[in-house]
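**Q** The structure follows.
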Amino acid sequence: MDETCQHLTYREEGDGKSFETARAFCAVTESFVQPMRADVCNARYDLDPATDCEFYFDPDAETTDGTDADGDR
Amino acid sequence: MTYDDYLDGKPAVITAALTGGVHGKEAHPDLPETPEEIAAAAAACEEAGASVLHLHARRDNGERAFSTERFQEVADAVREATDDAVLQHSTGGTAAPDALRHEPLRTDPAPEMASLDMGPLNRYERLTSENTRGLVASLHAEMRERGIKPELEVFNDGHLNESLAILDDLDDPPYLNFLFGGGTTSPPHPRNLINRVEALPEGVEFNVIGFGTHQLPMTTQSLLLGGHVRVGLEDNRYYERGELATNEQLVARAARIAEEVGRPVATPEETRELLGLRGR
Ligand code: SF4
């Protein structure tokens, strides 16, 4: 993947904070993203959210036995 | 730079790192990000005793910017707001391509100083800022061409090796910046700074950064060893535990401590003389 992270949104409010200009917000951590990390979220400079971000998860991923990756285990 | 320099009352250069490139207003509501905010912080820090202003540029949404254009906006605003302080542009940057890393050097006029990361360092869990020798050499070459003094960023002992290996290529006096903190920076302990200082050849000037809670003790120790100090919200958000700081407060405290221990705070003019700078 070398496209913007599917969990990235730009918001003016969230996580108890508000900003005049919309800032990077991560739906996984439910918090605003540090500016340097936003390079990963935006897949800038060949960064890849799926491999370069420790918070990333792929909701469509399936485990090898066919069950959902985020199902009960 | 030695304990004798301390005893001789050598002026101490205070650098203010106003904003940085890692965190932003999501971490500290008053961290300056726009050119206007950075300029206001710069003026307050110059007034409080900083003679060098370490600058990063941000986009409108707080994210990092490396472009000459954005650095020009920041530098113009800071020059306008300050009297005589030295501008130092950051060239550090996670995964930004080499060409972009050169852009902060290309403002008009060029900054008097710029940072030069001396090797790789880890960021977060899976990122490394590579800083290959090739990139270090090409940034240094452009700095020399434009009359910009490099501040060699020594995040760990490996970077000290790399710095000592190029000492002969540096204009006098070589200026090394020792960083102490977590991850791939040096473990923050007074004995590690003493070891560093003892490893330096005659004539090398050094500066010290301590991240977070280590800012105060490590920079204070630097003053006793004849070194210089960098403080500011880039490196440390708190004045004391649980109390957010301002850039100006951190500079004012460093200036007070320097004076108290017998190191007069260097004016911009004295800084230029000490470090061999081109002039603003
Ligand atoms: S922090 Fe990670 S998971 Fe969240 S938006 Fe950025 S890349 Fe995606």
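Every chain in the structure tokens has a letter given in the order shown (A, B, ...), and although residue numbers restart at 1 in each chain, ligands are simply numbered from 1 in the order shown.
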Could you pull the residues within 10 Å of Glu37 in chain B, counting only C-alpha atoms, minus those fewer than 3 positions along the same chain, as a PDB file with N, CA and C atoms, in the first residue's frame?

**A**
```pdb
ATOM      1  N   LEU B  18      12.436  26.137  19.334  1.00  0.00           N
ATOM      2  CA  LEU B  18      11.106  26.672  19.614  1.00  0.00           C
ATOM      3  C   LEU B  18       9.959  25.724  19.328  1.00  0.00           C
ATOM      4  N   THR B  19      10.087  24.926  18.269  1.00  0.00           N
ATOM      5  CA  THR B  19       8.912  24.177  17.840  1.00  0.00           C
ATOM      6  C   THR B  19       9.195  22.728  17.462  1.00  0.00           C
ATOM      7  N   ASP B  30       0.173  25.584  23.234  1.00  0.00           N
ATOM      8  CA  ASP B  30       0.834  26.834  22.863  1.00  0.00           C
ATOM      9  C   ASP B  30       2.134  26.616  22.094  1.00  0.00           C
ATOM     10  N   LEU B  31       2.369  25.415  21.641  1.00  0.00           N
ATOM     11  CA  LEU B  31       3.592  25.205  20.862  1.00  0.00           C
ATOM     12  C   LEU B  31       3.479  25.990  19.550  1.00  0.00           C
ATOM     13  N   PRO B  32       4.465  26.851  19.258  1.00  0.00           N
ATOM     14  CA  PRO B  32       4.337  27.689  18.064  1.00  0.00           C
ATOM     15  C   PRO B  32       4.455  26.876  16.777  1.00  0.00           C
ATOM     16  N   GLU B  33       3.575  27.130  15.833  1.00  0.00           N
ATOM     17  CA  GLU B  33       3.608  26.398  14.556  1.00  0.00           C
ATOM     18  C   GLU B  33       3.615  27.332  13.345  1.00  0.00           C
ATOM     19  N   THR B  34       2.821  28.406  13.416  1.00  0.00           N
ATOM     20  CA  THR B  34       2.767  29.303  12.252  1.00  0.00           C
ATOM     21  C   THR B  34       3.997  30.217  12.271  1.00  0.00           C
ATOM     22  N   ALA B  40       7.012  35.240  17.273  1.00  0.00           N
ATOM     23  CA  ALA B  40       6.724  35.819  18.603  1.00  0.00           C
ATOM     24  C   ALA B  40       7.532  35.081  19.672  1.00  0.00           C
ATOM     25  N   ALA B  41       7.588  33.767  19.563  1.00  0.00           N
ATOM     26  CA  ALA B  41       8.371  32.981  20.528  1.00  0.00           C
ATOM     27  C   ALA B  41       9.853  33.318  20.401  1.00  0.00           C
ATOM     28  N   ALA B  42      10.310  33.520  19.171  1.00  0.00           N
ATOM     29  CA  ALA B  42      11.724  33.845  18.932  1.00  0.00           C
ATOM     30  C   ALA B  42      12.092  35.166  19.600  1.00  0.00           C
ATOM     31  N   VAL B  74       9.109  31.540   7.569  1.00  0.00           N
ATOM     32  CA  VAL B  74       9.456  31.489   8.997  1.00  0.00           C
ATOM     33  C   VAL B  74      10.654  32.399   9.270  1.00  0.00           C
ATOM     34  N   ALA B  77       9.835  36.110   9.090  1.00  0.00           N
ATOM     35  CA  ALA B  77       9.061  36.556  10.253  1.00  0.00           C
ATOM     36  C   ALA B  77       9.962  36.653  11.487  1.00  0.00           C
ATOM     37  N   VAL B  78      10.870  35.706  11.636  1.00  0.00           N
ATOM     38  CA  VAL B  78      11.754  35.707  12.805  1.00  0.00           C
ATOM     39  C   VAL B  78      12.755  36.865  12.718  1.00  0.00           C
TER      40      VAL B  78
END
```

**Q** Can you pull out every residue with an atom within 6 Å of ligand 1? Use only C-alpha atoms and all ligand atoms and format it as a list in words.

**A**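 Going residue by residue within 6 Å of ligand 1, we get Cys5, His7, Leu8, Cys26, Val28, Val40, Cys41, Pro49, Cys53, Phe55 and Tyr56 of chain A.
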
**Q** Just C-alpha atoms for this one: save the residues we selected as a PDB file, in the first residue's frame.

**A**
```pdb
ATOM      1  CA  CYS A   5      -4.204   5.378   5.634  1.00  0.00           C
ATOM      2  CA  HIS A   7      -7.973   5.268   9.391  1.00  0.00           C
ATOM      3  CA  LEU A   8      -6.887   8.851   8.784  1.00  0.00           C
ATOM      4  CA  CYS A  26      -6.431   8.579  13.760  1.00  0.00           C
ATOM      5  CA  VAL A  28      -7.662   3.598  15.568  1.00  0.00           C
ATOM      6  CA  VAL A  40       3.169   7.853   7.748  1.00  0.00           C
ATOM      7  CA  CYS A  41      -0.603   8.395   7.801  1.00  0.00           C
ATOM      8  CA  PRO A  49       0.807   2.948   6.882  1.00  0.00           C
ATOM      9  CA  CYS A  53       2.626   2.343  11.623  1.00  0.00           C
ATOM     10  CA  PHE A  55      -1.306   1.149  15.200  1.00  0.00           C
ATOM     11  CA  TYR A  56      -2.473   0.204  11.749  1.00  0.00           C
TER      12      TYR A  56
END
```

**Q** Give me, as a list in words, the residues of chain B touching chain A, with the criterion being at most 8 Å (counting only C-alpha atoms).

**A**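 Within 8 Å of chain A on chain B, we get Gly21, Val22, His23, Gly24, Glu26, Ala27, Asp60, Asn61, Gly62, Glu63, Arg64, Thr94, Ala95, Ala96, Pro97, Glu125, Arg126 and Leu127 of chain B.
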
**Q** List every residue of chain A that DSSP, applied to the backbone of this structure, places in strand (DSSP E or B), and write the result as a ChimeraX atom specification.

**A** /A:8-14,17-26,31-32,62,68

**Q** Please save N, CA and C atoms of the selected residues as an mmCIF file, in the first residue's frame.

**A**
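Below you can see selection.cif, which holds the result:
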```
data_model
loop_
_atom_site.group_PDB
_atom_site.id
_atom_site.type_symbol
_atom_site.label_atom_id
_atom_site.label_comp_id
_atom_site.auth_asym_id
_atom_site.auth_seq_id
_atom_site.Cartn_x
_atom_site.Cartn_y
_atom_site.Cartn_z
ATOM 1 N N LEU A 8 -7.205 7.425 8.628
ATOM 2 C CA LEU A 8 -6.887 8.851 8.784
ATOM 3 C C LEU A 8 -8.070 9.729 8.396
ATOM 4 N N THR A 9 -8.381 10.679 9.274
ATOM 5 C CA THR A 9 -9.339 11.724 8.917
ATOM 6 C C THR A 9 -8.700 13.052 9.317
ATOM 7 N N TYR A 10 -9.251 14.140 8.823
ATOM 8 C CA TYR A 10 -8.808 15.465 9.280
ATOM 9 C C TYR A 10 -9.976 16.101 10.015
ATOM 10 N N ARG A 11 -9.720 16.459 11.260
ATOM 11 C CA ARG A 11 -10.796 16.978 12.110
ATOM 12 C C ARG A 11 -10.361 18.235 12.836
ATOM 13 N N GLU A 12 -11.368 19.033 13.152
ATOM 14 C CA GLU A 12 -11.094 20.224 13.968
ATOM 15 C C GLU A 12 -11.317 19.948 15.449
ATOM 16 N N GLU A 13 -12.063 18.880 15.719
ATOM 17 C CA GLU A 13 -12.341 18.561 17.129
ATOM 18 C C GLU A 13 -12.197 17.072 17.380
ATOM 19 N N GLY A 14 -11.879 16.720 18.607
ATOM 20 C CA GLY A 14 -11.783 15.324 18.989
ATOM 21 C C GLY A 14 -10.822 15.167 20.139
ATOM 22 N N LYS A 17 -9.903 18.040 22.334
ATOM 23 C CA LYS A 17 -9.179 19.224 21.847
ATOM 24 C C LYS A 17 -9.887 19.785 20.619
ATOM 25 N N SER A 18 -9.620 21.063 20.342
ATOM 26 C CA SER A 18 -10.171 21.627 19.111
ATOM 27 C C SER A 18 -9.143 22.559 18.470
ATOM 28 N N PHE A 19 -9.219 22.643 17.145
ATOM 29 C CA PHE A 19 -8.256 23.426 16.371
ATOM 30 C C PHE A 19 -8.976 24.215 15.294
ATOM 31 N N GLU A 20 -8.381 25.342 14.904
ATOM 32 C CA GLU A 20 -9.001 26.155 13.850
ATOM 33 C C GLU A 20 -8.812 25.519 12.478
ATOM 34 N N THR A 21 -7.657 24.914 12.284
ATOM 35 C CA THR A 21 -7.389 24.218 11.019
ATOM 36 C C THR A 21 -7.451 22.721 11.283
ATOM 37 N N ALA A 22 -8.159 22.007 10.416
ATOM 38 C CA ALA A 22 -8.314 20.559 10.622
ATOM 39 C C ALA A 22 -6.949 19.869 10.674
ATOM 40 N N ARG A 23 -6.829 18.935 11.608
ATOM 41 C CA ARG A 23 -5.551 18.229 11.800
ATOM 42 C C ARG A 23 -5.753 16.722 11.667
ATOM 43 N N ALA A 24 -4.630 16.041 11.449
ATOM 44 C CA ALA A 24 -4.686 14.589 11.271
ATOM 45 C C ALA A 24 -5.222 13.921 12.531
ATOM 46 N N PHE A 25 -6.217 13.040 12.328
ATOM 47 C CA PHE A 25 -6.839 12.329 13.447
ATOM 48 C C PHE A 25 -6.885 10.854 13.080
ATOM 49 N N CYS A 26 -6.494 10.024 14.007
ATOM 50 C CA CYS A 26 -6.431 8.579 13.760
ATOM 51 C C CYS A 26 -7.643 7.897 14.390
ATOM 52 N N SER A 31 -7.257 9.627 18.464
ATOM 53 C CA SER A 31 -6.550 10.819 18.935
ATOM 54 C C SER A 31 -5.914 11.543 17.754
ATOM 55 N N PHE A 32 -5.589 12.826 17.983
ATOM 56 C CA PHE A 32 -4.848 13.558 16.964
ATOM 57 C C PHE A 32 -3.453 12.957 16.849
ATOM 58 N N GLU A 62 -8.044 -11.427 6.815
ATOM 59 C CA GLU A 62 -8.559 -12.673 7.369
ATOM 60 C C GLU A 62 -7.400 -13.511 7.875
ATOM 61 N N ASP A 68 -12.217 -14.007 11.158
ATOM 62 C CA ASP A 68 -11.824 -12.605 11.136
ATOM 63 C C ASP A 68 -10.622 -12.370 12.041
#
```

**Q** Taking 3 positions as the minimum chain separation for residues in the same chain, which residues sit within 6 Å of range 218-235 of chain B when counting only C-alpha atoms? Answer as a CSV table (one decimal) with N, CA and C atoms, in the first residue's frame.

**A**
```csv
chain,number,residue,atom,x,y,z
B,1,MET,N,37.0,23.1,24.8
B,1,MET,CA,36.0,23.3,25.8
B,1,MET,C,36.2,22.3,27.0
B,2,THR,N,36.5,22.9,28.1
B,2,THR,CA,36.8,22.1,29.3
B,2,THR,C,36.3,22.8,30.6
B,3,TYR,N,36.5,22.1,31.7
B,3,TYR,CA,36.2,22.6,33.0
B,3,TYR,C,36.9,23.9,33.2
B,5,ASP,N,37.4,26.1,31.0
B,5,ASP,CA,36.6,27.2,30.3
B,5,ASP,C,35.5,27.7,31.3
B,6,TYR,N,35.0,26.7,32.0
B,6,TYR,CA,34.0,27.1,33.0
B,6,TYR,C,34.6,28.0,34.1
B,12,ALA,N,28.4,31.5,27.7
B,12,ALA,CA,27.6,30.3,27.3
B,12,ALA,C,26.5,30.7,26.3
B,13,VAL,N,26.5,29.9,25.2
B,13,VAL,CA,25.6,30.2,24.1
B,13,VAL,C,24.3,29.4,24.5
B,14,ILE,N,23.2,30.1,24.5
B,14,ILE,CA,21.9,29.5,24.7
B,14,ILE,C,21.1,29.4,23.4
B,15,THR,N,20.8,28.2,22.9
B,15,THR,CA,20.0,28.0,21.7
B,15,THR,C,18.6,27.7,22.2
B,16,ALA,N,17.6,28.3,21.5
B,16,ALA,CA,16.2,28.0,21.8
B,16,ALA,C,15.6,27.2,20.6
B,17,ALA,N,15.2,26.0,21.0
B,17,ALA,CA,14.5,25.1,20.0
B,17,ALA,C,13.0,25.3,20.2
B,18,LEU,N,12.4,26.1,19.3
B,18,LEU,CA,11.1,26.7,19.6
B,18,LEU,C,10.0,25.7,19.3
B,19,THR,N,10.1,24.9,18.3
B,19,THR,CA,8.9,24.2,17.8
B,19,THR,C,9.2,22.7,17.5
B,20,GLY,N,10.3,22.5,16.8
B,20,GLY,CA,10.6,21.1,16.4
B,20,GLY,C,9.8,20.6,15.3
B,206,PHE,N,31.1,22.4,22.2
B,206,PHE,CA,30.0,21.5,22.2
B,206,PHE,C,28.8,22.2,22.9
B,207,ASN,N,27.7,21.6,22.5
B,207,ASN,CA,26.4,22.1,23.0
B,207,ASN,C,25.7,20.8,23.6
B,208,VAL,N,24.7,21.0,24.5
B,208,VAL,CA,24.0,19.8,25.1
B,208,VAL,C,22.5,20.0,25.0
B,209,ILE,N,21.9,18.9,24.6
B,209,ILE,CA,20.4,18.8,24.7
B,209,ILE,C,20.1,17.6,25.6
B,210,GLY,N,19.1,17.8,26.5
B,210,GLY,CA,18.5,16.7,27.2
B,210,GLY,C,17.0,16.7,26.9
B,211,PHE,N,16.5,15.5,26.6
B,211,PHE,CA,15.1,15.5,26.2
B,211,PHE,C,14.3,15.3,27.5
B,214,HIS,N,15.3,15.3,31.4
B,214,HIS,CA,16.7,15.4,31.4
B,214,HIS,C,17.3,16.8,30.9
B,215,GLN,N,16.4,17.6,30.4
B,215,GLN,CA,16.8,18.9,29.9
B,215,GLN,C,17.6,19.7,30.9
B,247,ASN,N,8.5,28.5,25.9
B,247,ASN,CA,9.9,28.6,25.4
B,247,ASN,C,10.7,29.6,26.2
B,250,LEU,N,11.9,28.5,29.6
B,250,LEU,CA,13.0,27.6,29.6
B,250,LEU,C,14.3,28.3,29.3
```

**Q** Go through range 146-276 of chain B and collect every residue that DSSP, computed from the backbone, puts in helix (DSSP H, G or I); the answer should be as a ChimeraX atom specification.

**A** /B:157-165,167-169,190-198,212-224,247-260,268-275

**Q** Please indicate the distance in Å from CA of Phe155 in chain B to CA of Ala137 in chain B, rounded to one decimal place.

**A**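 Between CA of Phe155 in chain B and CA of Ala137 in chain B the gap works out to 17.3 Å.
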
**Q** Contacts of Asp98 in chain B at 9 Å or less, counting only C-alpha atoms, minus same-chain residues fewer than 5 places along, as a PyMOL selection string?

**A** chain B and resi 131+135+139

**Q** Dump N, CA and C atoms for the selected residues as a CSV table (one decimal), in the first residue's frame?

**A**
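Once everything was written out, this is result.csv:
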```
chain,number,residue,atom,x,y,z
B,131,ASN,N,19.9,9.1,7.4
B,131,ASN,CA,21.1,10.0,7.4
B,131,ASN,C,22.3,9.3,7.0
B,135,LEU,N,24.4,11.5,2.4
B,135,LEU,CA,23.5,12.7,2.6
B,135,LEU,C,24.2,13.7,3.5
B,139,LEU,N,24.9,17.5,2.4
B,139,LEU,CA,24.4,18.7,3.2
B,139,LEU,C,25.5,19.5,3.6
```
